[in-house]
Amino acid sequence: MIFEIGNDFARLQEELLKGPIYPDVTPSEIRNYLASRYDFAKSMDLNAVVADVEQMLSTWQVQVTHPRYFGLFNPSVTLASVIADMLVAMYNPQLAAWRTSPAANEIERHTLGWLTAKFGLPAETLATFTSGGSEANLSAVIVALTRAFPRYGEHGLQSLSATPAIYLTEEAHHSFSKIAHMTGLGRNALRTIATKPDLTMDLADLERRVAEDRREGVAPLMVVGTAGTTAAGAIDPLPEIGRFCRDEGLWFHVDAAWGGAAIVSPALRHHLKGIESADSITCDAHKWFSVSMGSGMFFCRHPESVAQAFRADAAYMPGRAMGEAFDPYTSSVQWSRRFIGLKLFLTLAENGEAGQAEMIEHQTRMADVMRKALADSGWRIVNNTPLPLICFTRDGLDLGGFLASLRENQIAWMSEARIKGAPVVRACVTSYKTTENDVRWVVGEMNRLIGCEDAAQLAPAEC
Ligand SMILES: Cc1ncc(COP(=O)(O)O)c(C=O)c1O
């Protein structure tokens, strides 16, 4: 099986390089195509349908696994994760209860235990796989509320004597707005803390806002430190936020959805210093661990609060797990659960720790090459991060037009980000397959697009 999937995987890698990165298609084109072929009135040959779907996927999507996709944390996936997805679909293990899927549950537990230790969290930490970072962030808010307000679980937010507030920067992930909405806290419960010029949280402003809220009878609940912000890869000052939270009795959540993978790299892990003091951590395997979607993780050092938040008792479920085992449906948001963790387990097992670190460090090296090539040809780098994410611009750039030509000419996929309100180009090295040649060729083509073919040889002012 591995051999056959491996062949298909290799074929896809080759074909990807020939085809477009960016699709040229309208919604009605796809809808008309589907309507003309698939009315489900009679049975069809599965081989033909699969071939047709593959054709649609290969032409009608942004190819996020292309080495010149410099996009939104969607990785090139490992073969191990593709095999894992296939195995999981075939055996269809149900992970809600330990007794139904002992092997799968223990494989997840083993994998999460390894990462728990890497993050420096205590052994009793309760960790679960989630659909992604948003669910992990949601879990954090629910558990923090449960721990801080014993009446919350039974009587709801209306039973609280003060309104809880969550502190984060404008660079934090926007899932928190939805979470504030969904949990009933309300979007106004979020306090946007100022950032310093490097886009990291301004601690003085955090202290001021928490003190102000306390004076006004608000109940400060949680501070979110982001380790690798979505737009610019900034890492908030985790040790200082951790200390502040301890002193103030606040929940410290670290959203390391993307940057958390740096914990396996001896060269990069020091950038995550302070993460070990978190009450909870979000880390997505489907970002920088290069496994297929969706595979998030939630780690929490307060297992009793997690159990309190997600408790459930249903007579129709299999009997309670015995001894140290636990039933995921009583310790997480989900009920029926896919065997999410196999992708990370297989990937780590195949790569080994050093191989996984090398994949990550390769991407940071490619980002260094891109940073230098851009700076050498007159582009201005406007973010500052050790992670492989570059935000850049140059005077007089027509950003919309530039990004559109980049895509239409199939040079690369990059996006727009706002840095302190100003639009810039955002390029993240999200593929472990990106080579130095890819990077140099892309920068050369970008220079050609703006009419500066020889920009590397020109002084910035000349171009
Ligand atoms: C920092 C951060 N947190 C959370 C998320 C949400 O993760 P997901 O898309 O897996 O739900 C993202 C997504 O990019 C992110 O960048």
# chains A, B, ... in the order shown; residues from 1 in each chain; ligands from 1
>>> residues_near_ligand(ligand="ligand 1", cutoff="8 Å", atoms="only C-alpha atoms and all ligand atoms", output="short mmCIF file (atom, residue, chain, number, x, y, z; two decimals) with C-alpha atoms, in the first residue's frame")
data_model
loop_
_atom_site.label_atom_id
_atom_site.label_comp_id
_atom_site.auth_asym_id
_atom_site.auth_seq_id
_atom_site.Cartn_x
_atom_site.Cartn_y
_atom_site.Cartn_z
CA LEU A 72 -1.22 31.20 4.68
CA PHE A 73 0.43 28.42 6.73
CA SER A 131 -9.90 20.01 14.17
CA GLY A 132 -7.51 22.96 14.12
CA GLY A 133 -6.26 26.01 15.96
CA SER A 134 -9.67 27.63 16.25
CA GLU A 135 -11.09 24.68 18.18
CA ALA A 136 -8.00 24.60 20.39
CA ASN A 137 -8.36 28.33 21.13
CA ALA A 172 -3.63 37.81 17.43
CA HIS A 173 -5.68 35.40 15.37
CA HIS A 174 -9.21 36.50 14.55
CA SER A 175 -10.66 33.19 15.73
CA THR A 226 0.82 34.56 20.15
CA ALA A 227 3.94 32.65 19.12
CA GLY A 228 4.06 33.39 15.42
CA THR A 229 1.33 35.83 14.46
CA THR A 230 -0.58 35.13 11.29
CA ALA A 231 0.27 38.32 9.43
CA ASP A 255 -1.50 30.52 20.57
CA ALA A 256 1.40 28.74 18.89
CA ALA A 257 -0.77 27.39 16.08
CA TRP A 258 1.98 27.94 13.54
CA GLY A 259 5.14 28.81 15.48
CA THR A 282 -2.63 25.78 20.84
CA ASP A 284 -1.43 22.95 14.79
CA HIS A 286 -1.41 20.95 9.95
CA LYS A 287 0.73 24.05 9.78
CA GLY A 294 -7.16 19.15 9.94
CA SER A 295 -4.93 18.46 12.82
CA GLY A 296 -4.78 20.90 15.69
#
>>> residues_around(residues="segment 74-76 of chain A", least_positions_apart="2", cutoff="10 Å", atoms="only C-alpha atoms", output="compact mmCIF listing (two decimals) with C-alpha atoms, in the first residue's frame")
# COMPACT_ATOMS: atom_id res chain seq x y z
CA GLN A 13 4.57 16.25 -6.99
CA GLN A 63 -1.97 24.59 -5.24
CA VAL A 64 -0.97 25.08 -1.63
CA THR A 65 1.53 22.23 -1.79
CA HIS A 66 3.44 23.88 -4.65
CA PRO A 67 6.98 24.94 -3.69
CA TYR A 69 3.09 28.80 -2.74
CA PHE A 70 4.20 31.32 -0.11
CA GLY A 71 0.87 31.47 1.59
CA LEU A 72 -1.22 31.20 4.68
CA THR A 78 4.29 14.58 4.14
CA LEU A 79 3.65 11.24 2.44
CA TRP A 258 1.98 27.94 13.54
CA ALA A 285 0.19 19.91 13.25
CA HIS A 286 -1.41 20.95 9.95
CA LYS A 287 0.73 24.05 9.78
CA TRP A 288 4.46 23.85 10.34
CA PHE A 289 4.57 20.11 11.13
CA SER A 290 3.57 19.66 7.47
CA VAL A 291 0.73 17.20 7.97
CA SER A 292 -2.52 17.33 6.07
CA MET A 293 -5.56 19.19 7.41
CA CYS A 428 5.59 32.67 4.14
CA VAL A 429 7.80 29.72 3.28
CA THR A 430 5.24 27.04 4.06
CA SER A 431 6.64 24.26 1.90
CA TYR A 432 9.53 22.04 2.92
CA LYS A 433 10.07 21.53 -0.85
CA THR A 434 10.91 25.17 -1.62
>>> closest_residue(among="A:Leu160, A:Leu199, A:Leu221, A:Val25", to="Met56 of chain A", atoms="only C-alpha atoms")
A:Val25
>>> atom_distance(atom1="atom CA of Thr116 of chain A", atom2="atom CA of Tyr167 of chain A")
24.8 Å
>>> select_by_dssp(residues="segment 111-299 of chain A", states="helix (DSSP H, G or I)", output="compact mmCIF listing (two decimals) with N, CA and C atoms, in the first residue's frame")
# COMPACT_ATOMS: atom_id res chain seq x y z
N THR A 111 1.77 10.45 21.28
CA THR A 111 2.30 11.55 20.45
C THR A 111 2.18 12.88 21.20
N LEU A 112 1.01 13.08 21.81
CA LEU A 112 0.79 14.34 22.54
C LEU A 112 1.69 14.41 23.78
N GLY A 113 1.93 13.24 24.39
CA GLY A 113 2.81 13.21 25.56
C GLY A 113 4.22 13.64 25.19
N TRP A 114 4.67 13.23 24.02
CA TRP A 114 6.01 13.60 23.56
C TRP A 114 6.10 15.11 23.38
N LEU A 115 5.07 15.68 22.77
CA LEU A 115 5.09 17.14 22.56
C LEU A 115 4.89 17.92 23.86
N THR A 116 4.09 17.34 24.76
CA THR A 116 3.91 17.97 26.08
C THR A 116 5.27 18.18 26.73
N ALA A 117 6.10 17.14 26.68
CA ALA A 117 7.43 17.23 27.28
C ALA A 117 8.29 18.25 26.53
N LYS A 118 8.18 18.27 25.22
CA LYS A 118 8.95 19.25 24.43
C LYS A 118 8.59 20.68 24.84
N PHE A 119 7.30 20.91 25.07
CA PHE A 119 6.87 22.26 25.46
C PHE A 119 7.26 22.58 26.91
N GLY A 133 -6.60 25.03 14.94
CA GLY A 133 -6.26 26.01 15.96
C GLY A 133 -7.46 26.71 16.55
N SER A 134 -8.49 26.92 15.74
CA SER A 134 -9.67 27.63 16.25
C SER A 134 -10.33 26.81 17.36
N GLU A 135 -10.47 25.51 17.13
CA GLU A 135 -11.09 24.68 18.18
C GLU A 135 -10.21 24.63 19.43
N ALA A 136 -8.90 24.62 19.23
CA ALA A 136 -8.00 24.60 20.39
C ALA A 136 -8.12 25.92 21.17
N ASN A 137 -8.18 27.04 20.45
CA ASN A 137 -8.36 28.33 21.13
C ASN A 137 -9.71 28.39 21.85
N LEU A 138 -10.73 27.85 21.21
CA LEU A 138 -12.06 27.80 21.84
C LEU A 138 -12.00 26.97 23.12
N SER A 139 -11.31 25.83 23.05
CA SER A 139 -11.19 24.97 24.23
C SER A 139 -10.55 25.75 25.37
N ALA A 140 -9.51 26.52 25.04
CA ALA A 140 -8.80 27.29 26.08
C ALA A 140 -9.74 28.25 26.79
N VAL A 141 -10.56 28.96 26.01
CA VAL A 141 -11.44 29.95 26.62
C VAL A 141 -12.50 29.26 27.49
N ILE A 142 -13.02 28.15 27.01
CA ILE A 142 -14.05 27.43 27.79
C ILE A 142 -13.46 26.92 29.11
N VAL A 143 -12.26 26.34 29.03
CA VAL A 143 -11.66 25.78 30.26
C VAL A 143 -11.28 26.92 31.22
N ALA A 144 -10.77 28.01 30.67
CA ALA A 144 -10.39 29.15 31.54
C ALA A 144 -11.63 29.69 32.26
N LEU A 145 -12.73 29.81 31.54
CA LEU A 145 -13.98 30.29 32.17
C LEU A 145 -14.44 29.33 33.26
N THR A 146 -14.34 28.05 32.96
CA THR A 146 -14.79 27.02 33.92
C THR A 146 -13.96 27.08 35.20
N ARG A 147 -12.65 27.29 35.03
CA ARG A 147 -11.77 27.30 36.20
C ARG A 147 -11.96 28.58 37.02
N ALA A 148 -12.12 29.71 36.31
CA ALA A 148 -12.20 30.99 37.02
C ALA A 148 -13.57 31.19 37.68
N TYR A 152 -20.09 29.14 36.18
CA TYR A 152 -20.25 29.29 34.72
C TYR A 152 -20.87 28.05 34.07
N GLY A 153 -20.37 26.86 34.46
CA GLY A 153 -20.81 25.63 33.80
C GLY A 153 -22.30 25.36 33.96
N GLU A 154 -22.81 25.57 35.17
CA GLU A 154 -24.22 25.26 35.42
C GLU A 154 -25.15 26.44 35.15
N HIS A 155 -24.68 27.63 35.47
CA HIS A 155 -25.60 28.77 35.45
C HIS A 155 -25.31 29.79 34.35
N LEU A 157 -23.04 32.57 31.84
CA LEU A 157 -22.36 33.86 32.06
C LEU A 157 -23.21 34.83 32.87
N GLN A 158 -24.55 34.69 32.74
CA GLN A 158 -25.41 35.64 33.45
C GLN A 158 -25.30 35.51 34.97
N SER A 159 -24.72 34.37 35.43
CA SER A 159 -24.59 34.18 36.87
C SER A 159 -23.34 34.86 37.43
N SER A 175 -9.74 34.20 15.18
CA SER A 175 -10.66 33.19 15.73
C SER A 175 -11.16 33.63 17.10
N PHE A 176 -10.39 34.45 17.81
CA PHE A 176 -10.84 34.87 19.15
C PHE A 176 -12.10 35.74 19.10
N SER A 177 -12.28 36.48 18.00
CA SER A 177 -13.52 37.26 17.89
C SER A 177 -14.71 36.30 17.80
N LYS A 178 -14.56 35.25 16.99
CA LYS A 178 -15.65 34.28 16.86
C LYS A 178 -15.86 33.55 18.18
N ILE A 179 -14.77 33.25 18.86
CA ILE A 179 -14.87 32.51 20.13
C ILE A 179 -15.60 33.35 21.17
N ALA A 180 -15.26 34.65 21.22
CA ALA A 180 -15.94 35.54 22.17
C ALA A 180 -17.44 35.57 21.86
N HIS A 181 -17.75 35.55 20.59
CA HIS A 181 -19.14 35.54 20.15
C HIS A 181 -19.81 34.21 20.55
N MET A 182 -19.16 33.11 20.21
CA MET A 182 -19.76 31.78 20.41
C MET A 182 -19.93 31.44 21.89
N ARG A 187 -18.18 39.91 21.62
CA ARG A 187 -16.93 40.37 20.99
C ARG A 187 -16.30 41.54 21.75
N ASN A 188 -17.13 42.29 22.49
CA ASN A 188 -16.57 43.42 23.26
C ASN A 188 -15.72 42.97 24.44
N ALA A 189 -15.74 41.67 24.74
CA ALA A 189 -14.92 41.17 25.86
C ALA A 189 -13.44 41.16 25.49
N LEU A 203 3.81 45.35 27.03
CA LEU A 203 3.43 44.92 28.39
C LEU A 203 2.89 46.05 29.24
N ALA A 204 3.44 47.25 29.01
CA ALA A 204 2.98 48.39 29.81
C ALA A 204 1.51 48.63 29.51
N ASP A 205 1.13 48.51 28.26
CA ASP A 205 -0.28 48.71 27.91
C ASP A 205 -1.14 47.58 28.50
N LEU A 206 -0.60 46.37 28.50
CA LEU A 206 -1.35 45.24 29.09
C LEU A 206 -1.62 45.53 30.58
N GLU A 207 -0.57 45.94 31.28
CA GLU A 207 -0.73 46.21 32.72
C GLU A 207 -1.77 47.31 32.95
N ARG A 208 -1.66 48.35 32.11
CA ARG A 208 -2.57 49.49 32.26
C ARG A 208 -4.02 49.05 32.03
N ARG A 209 -4.25 48.25 30.97
CA ARG A 209 -5.62 47.86 30.63
C ARG A 209 -6.23 46.93 31.66
N VAL A 210 -5.40 46.02 32.20
CA VAL A 210 -5.92 45.10 33.22
C VAL A 210 -6.28 45.89 34.48
N ALA A 211 -5.41 46.82 34.86
CA ALA A 211 -5.67 47.62 36.07
C ALA A 211 -6.94 48.46 35.88
N GLU A 212 -7.06 49.03 34.71
CA GLU A 212 -8.24 49.86 34.40
C GLU A 212 -9.52 49.03 34.49
N ASP A 213 -9.47 47.82 33.91
CA ASP A 213 -10.65 46.95 33.96
C ASP A 213 -11.00 46.58 35.40
N ARG A 214 -9.98 46.28 36.19
CA ARG A 214 -10.27 45.90 37.58
C ARG A 214 -10.97 47.06 38.30
N ARG A 215 -10.47 48.28 38.06
CA ARG A 215 -11.09 49.46 38.70
C ARG A 215 -12.55 49.59 38.30
N LEU A 238 6.70 35.99 25.75
CA LEU A 238 6.04 34.94 26.53
C LEU A 238 6.48 34.90 27.99
N PRO A 239 7.79 34.99 28.31
CA PRO A 239 8.17 34.90 29.73
C PRO A 239 7.53 36.03 30.54
N GLU A 240 7.54 37.23 29.97
CA GLU A 240 7.00 38.39 30.71
C GLU A 240 5.49 38.28 30.86
N ILE A 241 4.81 37.85 29.82
CA ILE A 241 3.34 37.70 29.92
C ILE A 241 3.03 36.62 30.94
N GLY A 242 3.82 35.54 30.92
CA GLY A 242 3.60 34.45 31.88
C GLY A 242 3.73 34.94 33.31
N ARG A 243 4.78 35.73 33.55
CA ARG A 243 4.99 36.27 34.92
C ARG A 243 3.84 37.17 35.32
N PHE A 244 3.44 38.03 34.40
CA PHE A 244 2.34 38.96 34.68
C PHE A 244 1.07 38.17 35.02
N CYS A 245 0.77 37.14 34.25
CA CYS A 245 -0.44 36.34 34.48
C CYS A 245 -0.38 35.66 35.85
N ARG A 246 0.80 35.16 36.19
CA ARG A 246 0.93 34.50 37.51
C ARG A 246 0.66 35.51 38.62
N ASP A 247 1.27 36.69 38.50
CA ASP A 247 1.09 37.71 39.55
C ASP A 247 -0.36 38.16 39.65
N GLU A 248 -1.03 38.21 38.51
CA GLU A 248 -2.39 38.76 38.49
C GLU A 248 -3.48 37.68 38.60
N GLY A 259 3.77 28.75 14.98
CA GLY A 259 5.14 28.81 15.48
C GLY A 259 5.51 27.69 16.44
N GLY A 260 4.51 27.00 17.00
CA GLY A 260 4.78 25.99 18.02
C GLY A 260 5.69 24.87 17.55
N ALA A 261 5.68 24.60 16.24
CA ALA A 261 6.52 23.51 15.72
C ALA A 261 8.00 23.79 15.96
N ALA A 262 8.36 25.07 16.15
CA ALA A 262 9.76 25.43 16.38
C ALA A 262 10.31 24.75 17.63
N ILE A 263 9.44 24.23 18.48
CA ILE A 263 9.88 23.60 19.72
C ILE A 263 10.74 22.36 19.45
N VAL A 264 10.61 21.75 18.27
CA VAL A 264 11.43 20.56 17.98
C VAL A 264 12.80 20.93 17.43
N ARG A 269 14.14 26.70 19.14
CA ARG A 269 13.21 26.58 20.27
C ARG A 269 13.37 27.69 21.31
N HIS A 270 14.57 28.31 21.37
CA HIS A 270 14.73 29.36 22.39
C HIS A 270 13.78 30.54 22.13
N HIS A 271 13.30 30.66 20.88
CA HIS A 271 12.37 31.76 20.60
C HIS A 271 11.02 31.54 21.30
N LEU A 272 10.76 30.30 21.74
CA LEU A 272 9.48 30.00 22.40
C LEU A 272 9.64 30.00 23.92
N ILE A 275 6.96 29.52 27.01
CA ILE A 275 5.77 28.75 26.66
C ILE A 275 5.49 27.70 27.74
N GLU A 276 6.57 27.29 28.43
CA GLU A 276 6.42 26.25 29.47
C GLU A 276 5.59 26.74 30.65
N SER A 277 5.40 28.05 30.75
CA SER A 277 4.61 28.56 31.89
C SER A 277 3.13 28.76 31.51
>>> atom_distance(atom1="atom CA of Leu46 of chain A", atom2="atom CA of Ser336 of chain A")
27.9 Å
>>> closest_residue(among="A:Pro197, A:Pro328, A:Pro423, A:Pro266", to="Thr100 of chain A", atoms="only C-alpha atoms")
A:Pro328
>>> select_by_dssp(residues="segment 377-427 of chain A", states="strand (DSSP E or B)", output="list in words")
Arg380, Ile381, Leu389, Ile390, Cys391, Phe392, Thr393, Trp413, Ser415, Glu416, Ala417, Arg418, Ile419, Ala422, Pro423, Val424, Val425, Arg426 and Ala427 of chain A
>>> write_last_selection(atoms="N, CA and C atoms", output="mmCIF file, in the first residue's frame")
data_model
loop_
_atom_site.group_PDB
_atom_site.id
_atom_site.type_symbol
_atom_site.label_atom_id
_atom_site.label_comp_id
_atom_site.auth_asym_id
_atom_site.auth_seq_id
_atom_site.Cartn_x
_atom_site.Cartn_y
_atom_site.Cartn_z
ATOM 1 N N ARG A 380 11.822 46.726 0.862
ATOM 2 C CA ARG A 380 11.940 47.061 2.281
ATOM 3 C C ARG A 380 11.246 45.979 3.100
ATOM 4 N N ILE A 381 11.996 45.312 3.974
ATOM 5 C CA ILE A 381 11.407 44.281 4.840
ATOM 6 C C ILE A 381 10.809 45.004 6.050
ATOM 7 N N LEU A 389 8.694 34.014 7.677
ATOM 8 C CA LEU A 389 7.602 34.841 7.148
ATOM 9 C C LEU A 389 8.128 36.253 6.898
ATOM 10 N N ILE A 390 7.947 36.715 5.673
ATOM 11 C CA ILE A 390 8.529 38.009 5.294
ATOM 12 C C ILE A 390 7.427 38.940 4.808
ATOM 13 N N CYS A 391 7.380 40.120 5.383
ATOM 14 C CA CYS A 391 6.458 41.155 4.916
ATOM 15 C C CYS A 391 7.320 42.243 4.288
ATOM 16 N N PHE A 392 6.956 42.660 3.094
ATOM 17 C CA PHE A 392 7.835 43.604 2.403
ATOM 18 C C PHE A 392 7.057 44.495 1.439
ATOM 19 N N THR A 393 7.693 45.561 1.064
ATOM 20 C CA THR A 393 7.074 46.505 0.135
ATOM 21 C C THR A 393 8.177 47.368 -0.500
ATOM 22 N N TRP A 413 2.425 32.356 -5.316
ATOM 23 C CA TRP A 413 1.234 32.822 -4.591
ATOM 24 C C TRP A 413 1.709 33.496 -3.318
ATOM 25 N N SER A 415 0.389 36.826 -0.438
ATOM 26 C CA SER A 415 -0.839 37.518 -0.042
ATOM 27 C C SER A 415 -0.529 38.929 0.434
ATOM 28 N N GLU A 416 -1.620 39.622 0.762
ATOM 29 C CA GLU A 416 -1.473 40.974 1.304
ATOM 30 C C GLU A 416 -1.619 40.901 2.823
ATOM 31 N N ALA A 417 -0.840 41.675 3.532
ATOM 32 C CA ALA A 417 -1.037 41.796 4.989
ATOM 33 C C ALA A 417 -1.021 43.278 5.324
ATOM 34 N N ARG A 418 -1.565 43.616 6.484
ATOM 35 C CA ARG A 418 -1.510 45.011 6.960
ATOM 36 C C ARG A 418 -0.560 45.070 8.138
ATOM 37 N N ILE A 419 0.426 45.909 8.029
ATOM 38 C CA ILE A 419 1.341 46.109 9.146
ATOM 39 C C ILE A 419 1.111 47.526 9.643
ATOM 40 N N ALA A 422 -0.740 49.542 7.237
ATOM 41 C CA ALA A 422 -0.224 49.744 5.868
ATOM 42 C C ALA A 422 -0.182 48.415 5.119
ATOM 43 N N PRO A 423 -0.729 48.379 3.888
ATOM 44 C CA PRO A 423 -0.705 47.130 3.126
ATOM 45 C C PRO A 423 0.701 46.778 2.637
ATOM 46 N N VAL A 424 1.061 45.503 2.792
ATOM 47 C CA VAL A 424 2.378 45.024 2.351
ATOM 48 C C VAL A 424 2.212 43.638 1.733
ATOM 49 N N VAL A 425 3.263 43.175 1.067
ATOM 50 C CA VAL A 425 3.252 41.806 0.543
ATOM 51 C C VAL A 425 3.673 40.876 1.680
ATOM 52 N N ARG A 426 2.985 39.724 1.772
ATOM 53 C CA ARG A 426 3.314 38.736 2.814
ATOM 54 C C ARG A 426 3.701 37.430 2.124
ATOM 55 N N ALA A 427 4.901 36.952 2.432
ATOM 56 C CA ALA A 427 5.352 35.676 1.858
ATOM 57 C C ALA A 427 5.820 34.771 2.981
#
>>> closest_atom_pairs(of="segment 371-417 of chain A", to="segment 358-361 of chain A", cutoff="12 Å", atoms="only C-alpha atoms", output="CSV")
residue,atom,partner,partner_atom,distance
A:Pro386,CA,A:Glu361,CA,10.5
A:Leu387,CA,A:Glu361,CA,9.2
A:Pro388,CA,A:Glu361,CA,9.0
>>> residues_around(residues="Asp24 of chain A", least_positions_apart="3", cutoff="10 Å", atoms="only C-alpha atoms", output="list in words")
Pro20, Ile21, Thr59, Trp60, Gln61, Val62, Arg407 and Glu408 of chain A
>>> write_last_selection(atoms="C-alpha atoms", output="PDB file, in the first residue's frame")
ATOM      1  CA  PRO A  20      -0.694  26.436 -12.600  1.00  0.00           C
ATOM      2  CA  ILE A  21      -0.397  27.502  -8.963  1.00  0.00           C
ATOM      3  CA  THR A  59      -6.832  22.774 -12.088  1.00  0.00           C
ATOM      4  CA  TRP A  60      -9.410  24.502  -9.915  1.00  0.00           C
ATOM      5  CA  GLN A  61      -7.614  25.296  -6.709  1.00  0.00           C
ATOM      6  CA  VAL A  62      -4.681  27.272  -5.427  1.00  0.00           C
ATOM      7  CA  ARG A 407      -0.585  35.081  -9.639  1.00  0.00           C
ATOM      8  CA  GLU A 408      -1.680  35.539 -13.230  1.00  0.00           C
TER       9      GLU A 408
END
>>> atom_distance(atom1="atom CA of Thr435 of chain A", atom2="atom CA of Leu16 of chain A")
15.0 Å
>>> residues_around(residues="Lys420 of chain A", least_positions_apart="6", cutoff="12 Å", atoms="only C-alpha atoms", output="count of residues only")
15
>>> closest_residue(among="A:Ser161, A:Ala48, A:Leu374, A:Tyr329", to="Cys452 of chain A", atoms="only C-alpha atoms")
A:Leu374
>>> residues_around(residues="Glu4 of chain A", least_positions_apart="5", cutoff="12 Å", atoms="only C-alpha atoms", output="PyMOL selection string")
chain A and resi 9-11+79+82-83+86
>>> closest_residue(among="A:Thr385, A:Pro150, A:Ala307, A:Val50", to="Asp236 of chain A", atoms="only C-alpha atoms")
A:Thr385
>>> decode(residues="segment 229-282 of chain A", atoms="C-alpha atoms", output="mmCIF file, in the first residue's frame")
data_model
loop_
_atom_site.group_PDB
_atom_site.id
_atom_site.type_symbol
_atom_site.label_atom_id
_atom_site.label_comp_id
_atom_site.auth_asym_id
_atom_site.auth_seq_id
_atom_site.Cartn_x
_atom_site.Cartn_y
_atom_site.Cartn_z
ATOM 1 C CA THR A 229 1.331 35.833 14.462
ATOM 2 C CA THR A 230 -0.582 35.134 11.292
ATOM 3 C CA ALA A 231 0.266 38.317 9.432
ATOM 4 C CA ALA A 232 3.864 38.912 10.444
ATOM 5 C CA GLY A 233 5.182 35.964 12.486
ATOM 6 C CA ALA A 234 5.740 38.087 15.598
ATOM 7 C CA ILE A 235 6.335 36.292 18.901
ATOM 8 C CA ASP A 236 4.870 38.007 21.941
ATOM 9 C CA PRO A 237 7.120 38.273 25.042
ATOM 10 C CA LEU A 238 6.039 34.945 26.526
ATOM 11 C CA PRO A 239 8.167 34.902 29.726
ATOM 12 C CA GLU A 240 7.004 38.391 30.710
ATOM 13 C CA ILE A 241 3.343 37.703 29.915
ATOM 14 C CA GLY A 242 3.603 34.446 31.883
ATOM 15 C CA ARG A 243 4.993 36.267 34.922
ATOM 16 C CA PHE A 244 2.336 38.961 34.680
ATOM 17 C CA CYS A 245 -0.445 36.342 34.484
ATOM 18 C CA ARG A 246 0.935 34.503 37.506
ATOM 19 C CA ASP A 247 1.087 37.713 39.549
ATOM 20 C CA GLU A 248 -2.395 38.758 38.489
ATOM 21 C CA GLY A 249 -4.038 35.326 38.687
ATOM 22 C CA LEU A 250 -4.885 35.342 34.974
ATOM 23 C CA TRP A 251 -4.998 32.423 32.545
ATOM 24 C CA PHE A 252 -2.018 32.457 30.168
ATOM 25 C CA HIS A 253 -2.858 30.978 26.785
ATOM 26 C CA VAL A 254 -0.194 30.692 24.108
ATOM 27 C CA ASP A 255 -1.502 30.519 20.566
ATOM 28 C CA ALA A 256 1.405 28.739 18.888
ATOM 29 C CA ALA A 257 -0.772 27.387 16.083
ATOM 30 C CA TRP A 258 1.977 27.935 13.540
ATOM 31 C CA GLY A 259 5.144 28.812 15.485
ATOM 32 C CA GLY A 260 4.779 25.986 18.018
ATOM 33 C CA ALA A 261 6.519 23.513 15.722
ATOM 34 C CA ALA A 262 9.761 25.432 16.382
ATOM 35 C CA ILE A 263 9.879 23.597 19.724
ATOM 36 C CA VAL A 264 11.430 20.557 17.984
ATOM 37 C CA SER A 265 14.278 22.596 16.526
ATOM 38 C CA PRO A 266 17.394 23.018 18.693
ATOM 39 C CA ALA A 267 18.185 26.137 16.658
ATOM 40 C CA LEU A 268 14.786 27.789 17.044
ATOM 41 C CA ARG A 269 13.208 26.577 20.271
ATOM 42 C CA HIS A 270 14.727 29.356 22.387
ATOM 43 C CA HIS A 271 12.365 31.760 20.604
ATOM 44 C CA LEU A 272 9.485 30.004 22.403
ATOM 45 C CA LYS A 273 11.008 30.488 25.857
ATOM 46 C CA GLY A 274 8.236 31.106 28.364
ATOM 47 C CA ILE A 275 5.769 28.750 26.661
ATOM 48 C CA GLU A 276 6.417 26.249 29.466
ATOM 49 C CA SER A 277 4.614 28.561 31.888
ATOM 50 C CA ALA A 278 1.395 28.586 29.844
ATOM 51 C CA ASP A 279 -1.875 27.356 31.294
ATOM 52 C CA SER A 280 -2.785 26.194 27.812
ATOM 53 C CA ILE A 281 -1.232 26.000 24.359
ATOM 54 C CA THR A 282 -2.635 25.777 20.838
#
